[in-house]
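Participant: If it helps, the file is called target_17.txt and holds compact mmCIF, C-alpha atoms and all ligand atoms:
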# COMPACT_ATOMS: atom_id res chain seq x y z
CA MET A 1 113.00 80.43 97.55
CA LEU A 2 109.57 79.99 96.10
CA ARG A 3 110.47 81.35 92.74
CA ASP A 4 113.59 79.18 92.35
CA LEU A 5 113.64 77.64 88.92
CA PRO A 6 115.42 74.34 88.19
CA LEU A 7 119.11 75.17 87.83
CA ARG A 8 119.58 73.27 84.59
CA PRO A 9 120.28 75.83 81.87
CA THR A 10 119.89 74.47 78.37
CA ALA A 11 121.60 77.39 76.59
CA ARG A 12 124.10 80.08 77.42
CA SER A 13 121.51 82.88 77.31
CA HIS A 14 119.33 80.89 79.63
CA LYS A 15 122.20 80.68 82.11
CA ALA A 16 122.96 84.39 81.78
CA ASN A 17 119.34 85.22 82.55
CA ARG A 18 119.40 83.02 85.59
CA LEU A 19 122.63 84.59 86.85
CA ARG A 20 121.11 88.04 86.41
CA LEU A 21 118.04 86.96 88.36
CA GLU A 22 120.14 85.47 91.12
CA ARG A 23 122.21 88.65 91.37
CA ILE A 24 119.03 90.67 91.90
CA ARG A 25 117.70 88.13 94.37
CA LYS A 26 120.88 88.21 96.47
CA LEU A 27 119.49 91.45 97.90
CA SER A 28 116.03 89.96 98.33
CA LEU A 29 113.85 91.06 101.21
CA PHE A 30 112.16 87.70 100.90
CA ARG A 31 115.32 85.88 101.87
CA HIS A 32 115.14 84.02 105.07
CA ARG A 33 118.06 83.30 107.40
CA GLY A 34 120.48 84.88 104.92
CA ARG A 35 120.45 81.99 102.46
CA LEU A 36 119.18 81.97 98.91
CA SER A 37 118.46 78.30 98.32
CA SER A 38 115.06 76.82 99.04
CA GLU A 39 116.74 74.44 101.45
CA GLY A 40 117.89 77.43 103.52
CA ASN A 41 114.49 79.13 103.30
CA SER A 42 111.19 77.89 104.49
CA PRO A 43 109.41 77.58 101.10
CA LEU A 44 106.03 77.72 102.83
CA PHE A 45 106.91 80.95 104.64
CA ARG A 46 108.22 82.46 101.43
CA GLY A 47 105.22 81.28 99.46
CA LYS A 48 102.81 82.78 101.97
CA SER A 49 104.69 86.08 102.20
CA ILE A 50 104.73 86.43 98.41
CA GLN A 51 100.99 85.69 98.19
CA LEU A 52 100.36 88.33 100.86
CA HIS A 53 102.71 90.71 99.02
CA LYS A 54 100.75 90.14 95.79
CA SER A 55 97.43 90.63 97.59
CA PHE A 56 98.44 94.02 98.99
CA GLY A 57 100.06 94.90 95.66
CA PHE A 58 96.78 94.30 93.82
CA LEU A 59 94.89 96.23 96.49
CA LEU A 60 97.25 99.20 96.06
CA LEU A 61 96.90 98.95 92.29
CA GLY A 62 93.11 99.21 92.62
CA LEU A 63 93.37 102.14 95.03
CA ILE A 64 95.81 104.10 92.90
CA ILE A 65 93.61 103.63 89.81
CA LEU A 66 90.70 105.11 91.80
CA ARG A 67 92.92 107.92 93.10
CA ILE A 68 94.18 108.80 89.60
CA ALA A 69 90.61 108.73 88.23
CA TRP A 70 89.53 111.07 91.04
CA ARG A 71 92.53 113.34 90.52
CA LEU A 72 91.85 113.66 86.78
CA GLY A 73 88.51 115.22 87.62
CA ASN A 74 89.72 117.37 90.54
CA SER A 75 92.57 119.87 90.52
CA ALA A 76 94.92 120.42 93.44
CA PRO A 77 94.75 123.82 95.20
CA ALA A 78 97.33 126.39 94.05
CA LEU A 79 100.64 126.33 95.91
CA PRO A 80 101.14 129.01 98.58
CA ASP A 81 103.10 132.13 97.52
CA SER A 82 106.02 131.09 99.71
CA VAL A 83 106.87 128.30 97.23
CA GLY A 84 109.68 129.45 94.92
CA THR A 85 109.73 129.27 91.08
CA LEU A 86 112.04 126.27 90.85
CA GLU A 87 109.95 124.19 93.23
CA ARG A 88 106.75 125.39 91.58
CA ARG A 89 108.07 123.86 88.35
CA THR A 90 109.62 120.67 89.77
CA ALA A 91 106.96 119.68 92.34
CA PRO A 92 104.33 118.73 89.70
CA LEU A 93 106.96 116.59 87.94
CA ALA A 94 107.83 114.88 91.21
CA HIS A 95 104.14 114.28 91.92
CA LEU A 96 103.66 112.90 88.41
CA ALA A 97 106.63 110.58 88.97
CA LEU A 98 105.05 109.44 92.26
CA TYR A 99 101.79 108.60 90.48
CA ALA A 100 103.67 106.82 87.66
CA PHE A 101 105.66 104.85 90.22
CA GLN A 102 102.55 103.78 92.12
CA LEU A 103 101.01 102.50 88.89
CA ALA A 104 104.09 100.99 87.26
CA LEU A 105 105.32 99.12 90.33
CA PRO A 106 102.35 96.81 90.93
CA LEU A 107 101.89 96.41 87.15
CA SER A 108 105.51 95.24 86.82
CA GLY A 109 104.92 92.79 89.70
CA TRP A 110 101.83 91.49 87.94
CA ALA A 111 103.81 91.20 84.68
CA LEU A 112 106.57 89.30 86.46
CA VAL A 113 104.25 86.63 87.86
CA SER A 114 102.35 86.46 84.54
CA VAL A 115 105.41 85.63 82.45
CA SER A 116 106.92 83.24 84.99
CA MET A 117 107.31 79.64 83.81
CA LEU A 118 106.32 78.56 87.33
CA ASP A 119 102.63 79.26 86.65
CA ILE A 120 101.81 80.00 90.28
CA PRO A 121 98.33 81.58 90.38
CA SER A 122 97.81 84.93 92.12
CA MET A 123 94.97 84.79 94.64
CA PRO A 124 94.33 88.21 96.21
CA PHE A 125 93.48 87.54 99.86
CA ASN A 126 92.46 84.00 98.85
CA LEU A 127 89.27 85.42 97.36
CA PHE A 128 89.65 84.68 93.65
CA VAL A 129 92.24 83.85 91.03
CA MET A 130 93.57 86.98 89.35
CA PRO A 131 94.10 86.29 85.64
CA ASP A 132 97.62 86.74 84.30
CA LEU A 133 98.48 89.58 81.96
CA PRO A 134 98.51 88.41 78.33
CA PHE A 135 102.31 88.27 77.95
CA ALA A 136 104.32 85.33 76.63
CA GLN A 137 105.96 83.25 79.34
CA SER A 138 109.74 82.76 79.30
CA ASP A 139 112.71 82.87 81.64
CA ALA A 140 114.07 85.90 79.79
CA ALA A 141 110.81 87.79 80.26
CA GLU A 142 110.70 86.85 83.92
CA SER A 143 114.26 88.06 84.35
CA PHE A 144 113.38 91.36 82.67
CA TRP A 145 110.24 92.02 84.73
CA THR A 146 111.88 90.95 87.99
CA ALA A 147 114.65 93.47 87.36
CA ALA A 148 112.10 96.13 86.38
CA HIS A 149 110.04 95.47 89.52
CA TRP A 150 113.10 95.54 91.73
CA TYR A 151 114.59 98.75 90.29
CA LEU A 152 111.19 100.48 90.25
CA ALA A 153 110.61 99.53 93.89
CA TYR A 154 113.90 100.90 95.16
CA ALA A 155 113.88 103.99 92.91
CA GLY A 156 110.34 104.64 94.20
CA ILE A 157 111.41 104.30 97.82
CA ALA A 158 114.12 106.90 97.15
CA LEU A 159 111.54 109.19 95.50
CA VAL A 160 109.14 108.84 98.44
CA ALA A 161 111.98 109.59 100.89
CA LEU A 162 112.84 112.75 98.95
CA HIS A 163 109.16 113.72 98.85
CA VAL A 164 108.69 113.24 102.61
CA ALA A 165 111.90 115.22 103.27
CA ALA A 166 110.55 118.07 101.10
CA ALA A 167 107.22 118.05 102.98
CA LEU A 168 108.98 118.13 106.35
CA ARG A 169 111.27 120.94 105.17
CA HIS A 170 108.23 123.02 104.26
CA HIS A 171 106.68 122.41 107.62
CA PHE A 172 109.62 122.76 110.00
CA GLN A 173 112.18 124.90 108.15
CA LEU A 174 110.07 127.15 105.93
CA GLY A 175 107.07 127.08 108.29
CA ASP A 176 104.50 127.32 105.44
CA ALA A 177 101.13 125.58 105.01
CA VAL A 178 102.10 122.99 102.36
CA LEU A 179 101.87 120.09 104.79
CA THR A 180 99.03 121.26 107.03
CA ARG A 181 96.75 122.06 104.11
CA MET A 182 97.12 118.48 102.99
CA ILE A 183 96.05 117.18 106.39
CA THR A 184 93.21 119.74 106.64
CA PRO A 185 92.23 120.26 102.98
CA SER A 186 89.94 123.24 103.64
CA SER A 187 92.96 125.29 104.83
CA GLY A 188 94.48 125.08 101.32
CA ARG A 189 91.31 126.11 99.53
CA GLU A 190 90.76 129.17 101.72
CA GLY A 191 93.64 131.02 100.03
CA GLU A 192 92.46 130.28 96.47
C1 LIG A 201 102.77 98.72 95.24
C2 LIG A 201 102.89 97.43 95.25
C3 LIG A 201 104.19 96.68 95.33
C4 LIG A 201 105.36 96.98 95.96
C5 LIG A 201 105.69 98.22 96.80
C6 LIG A 201 106.28 95.90 95.70
C7 LIG A 201 107.59 95.84 96.14
C8 LIG A 201 108.45 94.79 95.91
C9 LIG A 201 109.81 94.76 96.30
C10 LIG A 201 110.55 95.88 97.03
C11 LIG A 201 110.31 93.56 95.90
C12 LIG A 201 111.73 93.11 96.01
C13 LIG A 201 111.93 92.49 97.31
C14 LIG A 201 113.35 92.05 97.33
O1 LIG A 201 113.55 90.94 96.86
O2 LIG A 201 114.21 92.84 97.78
C15 LIG A 201 109.27 92.80 95.30
C16 LIG A 201 109.38 91.51 94.83
C17 LIG A 201 108.35 90.80 94.28
N1 LIG A 201 107.11 91.29 93.98
FE1 LIG A 201 106.39 93.10 94.43
N2 LIG A 201 105.66 94.95 94.94
C18 LIG A 201 104.38 95.38 94.69
C19 LIG A 201 103.40 94.75 93.97
C20 LIG A 201 103.50 93.47 93.48
C21 LIG A 201 102.45 92.77 92.75
C22 LIG A 201 101.07 93.37 92.40
C23 LIG A 201 102.94 91.53 92.47
C24 LIG A 201 102.31 90.39 91.72
C25 LIG A 201 101.05 90.28 91.41
C26 LIG A 201 104.29 91.44 93.00
C27 LIG A 201 105.10 90.32 92.92
C28 LIG A 201 106.37 90.26 93.41
C29 LIG A 201 107.18 89.04 93.36
C30 LIG A 201 106.76 87.70 92.82
C31 LIG A 201 108.43 89.39 93.90
C32 LIG A 201 109.62 88.47 94.10
C33 LIG A 201 110.52 88.54 92.90
C34 LIG A 201 111.54 87.45 93.00
O3 LIG A 201 112.48 87.56 93.80
O4 LIG A 201 111.37 86.47 92.28
N3 LIG A 201 104.60 92.65 93.59
N4 LIG A 201 108.14 93.58 95.29
C1 LIG A 202 104.97 110.95 105.65
C2 LIG A 202 104.59 110.79 104.40
C3 LIG A 202 104.17 111.86 103.46
C4 LIG A 202 104.04 113.20 103.62
C5 LIG A 202 104.29 114.03 104.89
C6 LIG A 202 103.57 113.74 102.37
C7 LIG A 202 103.30 115.07 102.14
C8 LIG A 202 102.77 115.58 100.98
C9 LIG A 202 102.43 116.96 100.75
C10 LIG A 202 102.62 118.08 101.77
C11 LIG A 202 101.91 117.06 99.52
C12 LIG A 202 101.43 118.36 98.84
C13 LIG A 202 99.98 118.45 98.96
C14 LIG A 202 99.47 119.76 98.37
O1 LIG A 202 99.90 120.15 97.27
O2 LIG A 202 98.63 120.36 99.03
C15 LIG A 202 101.90 115.74 98.93
C16 LIG A 202 101.44 115.43 97.66
C17 LIG A 202 101.58 114.20 97.07
N1 LIG A 202 102.09 113.05 97.65
FE1 LIG A 202 102.75 112.90 99.56
N2 LIG A 202 103.44 112.72 101.47
C18 LIG A 202 103.80 111.55 102.08
C19 LIG A 202 103.84 110.29 101.53
C20 LIG A 202 103.55 110.02 100.21
C21 LIG A 202 103.67 108.71 99.61
C22 LIG A 202 104.13 107.46 100.34
C23 LIG A 202 103.31 108.85 98.31
C24 LIG A 202 103.24 107.85 97.20
C25 LIG A 202 103.86 106.72 97.15
C26 LIG A 202 102.93 110.24 98.10
C27 LIG A 202 102.49 110.75 96.91
C28 LIG A 202 102.07 112.05 96.74
C29 LIG A 202 101.52 112.56 95.50
C30 LIG A 202 101.33 111.74 94.21
C31 LIG A 202 101.21 113.89 95.71
C32 LIG A 202 100.59 114.87 94.70
C33 LIG A 202 99.13 114.99 95.00
C34 LIG A 202 98.42 115.72 93.87
O3 LIG A 202 98.68 116.90 93.63
O4 LIG A 202 97.58 115.08 93.23
N3 LIG A 202 103.09 110.90 99.29
N4 LIG A 202 102.43 114.85 99.84
Here is the file; what I need is its structure written in the form of structure tokens.
Facilitator:
Amino acid sequence: MLRDLPLRPTARSHKANRLRLERIRKLSLFRHRGRLSSEGNSPLFRGKSIQLHKSFGFLLLGLIILRIAWRLGNSAPALPDSVGTLERRTAPLAHLALYAFQLALPLSGWALVSVSMLDIPSMPFNLFVMPDLPFAQSDAAESFWTAAHWYLAYAGIALVALHVAAALRHHFQLGDAVLTRMITPSSGREGE
């Protein structure tokens, strides 16, 4: 794999970090043909897919910053009366968590490549070199941010799944306008 580091630990903690990293990477989506070593992967394929991954990650980071800036100046329409008290209280928290996830995930990816001892530059869509975040480079830091990125990604996927399930429940089971007013924004504002 592209991000394989030389397997020559100089200290016990170094080895522990590497083992932790490898444990996370065993579940890697970037694995190819079920093997973890760079011999089993095509390093070029992995390198290209990670660069593409970083490019879209940076693009999403830019978009979510714009979205959050827009949202700070614009409030969402009030929820329809059919939404119960519990959901009225929890939905904003879930939405806040979705925003936090969308910001924290690409930032943790950026942090992970910034602290990596591999020093591989990030080049969004081959247009320019994105500077690294000003964090000290070390294997331990890379291990930490890789784990953070990985857990954030999968926790976020679970959150999005829950969110989509809630939206579909409103539409098909409760039959209210929570979903349709999102697709046609004017329908939500009419009831305000
Ligand atoms: C919203 C944007 C992003 C999403 C949804 C996302 C998602 C993920 C996921 C799910 C993985 C783990 C794949 C696996 O091994 O199972 C991963 C790995 C990775 N991500 Fe991201 N990511 C995002 C943004 C970024 C950014 C902006 C960067 C860097 C600038 C980045 C760099 C990486 C790297 C280098 C890995 C491989 C870690 C390793 O195995 O060494 N990601 N990402
Ligand atoms: C099939 C996919 C999805 C459906 C059907 C869906 C549906 C909805 C609905 C019905 C709302 C409420 C809108 C309102 O209050 O009028 C909403 C809000 C929201 N959704 Fe989704 N959603 C989907 C995917 C996603 C994804 C992938 C994310 C983020 C990763 C996301 C993040 C949010 C956020 C942050 C809000 C709160 C908006 C605000 O009040 O500022 N949604 N979504």
Participant: With 5 Å added on each side, what axis-aligned box encloses every listed atom of ligand LIG 202 (chain A)? Give the centre and edge lengths in Å to one decimal, as JSON.
Facilitator:
{"center_x": 101.3, "center_y": 113.5, "center_z": 99.4, "size_x": 17.4, "size_y": 23.6, "size_z": 22.4}
Participant: Grab the atom CA of A:Leu72 to atom C25 of ligand LIG 202 (chain A) distance for me, in Å with one decimal place.
Facilitator: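 Interatomic distance, atom CA of A:Leu72 to atom C25 of ligand LIG 202 (chain A): 17.3 Å.
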Participant: Counting all atoms listed in the file, name the residues that have an atom within 10 Å of an atom of ligand LIG 202 (chain A); the answer should be given as a VMD selection string.
Facilitator: chain A and resid 64 67 to 68 70 to 72 74 to 80 91 to 103 156 to 157 159 to 171 177 to 185 187 to 189
Participant: When you look at stretch 133-139 of chain A with a cut-off of 10 Å (counting all atoms listed in the file), what residues show up, excluding the ones that are within fewer than 2 positions of it in the same chain? I need them as a list in words.
Facilitator: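 My list of contacting residues is Leu5, Ser13, His14, Lys15, Asn17, Arg18, Leu21, Leu107, Trp110, Ala111, Leu112, Val113, Ser114, Val115, Ser116, Met117, Leu118, Asp119, Met130, Pro131, Ala141, Glu142, Ser143, Phe144 and Trp145 of chain A.
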Participant: Using only C-alpha atoms and all ligand atoms, pick whichever of A:Ser122, A:Ser49, A:Gln173, A:Ser42 has the shortest atom-to-atom distance to ligand LIG 201 (chain A).
Facilitator: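 Answer, going by the shortest atom-to-atom distance: A:Ser122.
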Participant: For a quick check of understanding, using only C-alpha atoms and all ligand atoms, which of A:Leu174, A:Leu60, A:Leu86, A:Leu19 has the smallest distance to ligand LIG 201 (chain A)?
Facilitator: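 Smallest separation from ligand LIG 201 (chain A) among the options: A:Leu60.
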Participant: Near A:Ser55, counting all atoms listed in the file, which residues have an atom at most 10 Å away, once you skip same-chain residues fewer than 2 positions from it, shown as a list in words?
Facilitator: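 My list of contacting residues is Ser49, Ile50, Gln51, Leu52, His53, Gly57, Phe58, Leu59, Leu60, Leu61, Ser122, Met123, Pro124, Phe125, Asn126, Leu127 and Met130 of chain A.
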Participant: If I take atom CA of A:Arg20 and atom CA of A:Val129, how far is one from the other in Å, to one decimal?
Facilitator: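 One can read the atom CA of A:Arg20 to atom CA of A:Val129 distance as 29.5 Å.
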Participant: Between A:Leu105, A:Val83, A:Ala69, A:Leu63, which residue has the minimum interatomic distance to A:Asp176, considering only C-alpha atoms?
Facilitator: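 Ranked by minimum distance to A:Asp176, first place goes to A:Val83.
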Participant: For each of A:His149, A:Ala16, A:Asp81, A:Gly175, take the minimum atom-to-atom distance to ligand LIG 201 (chain A), counting only C-alpha atoms and all ligand atoms, then give the residue where this is smallest.
Facilitator: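 Selected residue with least distance to ligand LIG 201 (chain A): A:His149.
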Participant: Ranking A:Gly84, A:Ala140, A:Ile120, A:Ala153 by minimum distance to ligand LIG 201 (chain A) and counting all atoms listed in the file, which one comes first?
Facilitator: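 With all atoms listed in the file as the atom set, the closest residue is A:Ala153.
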Participant: Counting only C-alpha atoms and all ligand atoms, which of A:Glu22, A:Ile65, A:Pro106, A:Arg89 gets nearest to ligand LIG 201 (chain A)?
Facilitator: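 Smallest separation from ligand LIG 201 (chain A) among the options: A:Pro106.
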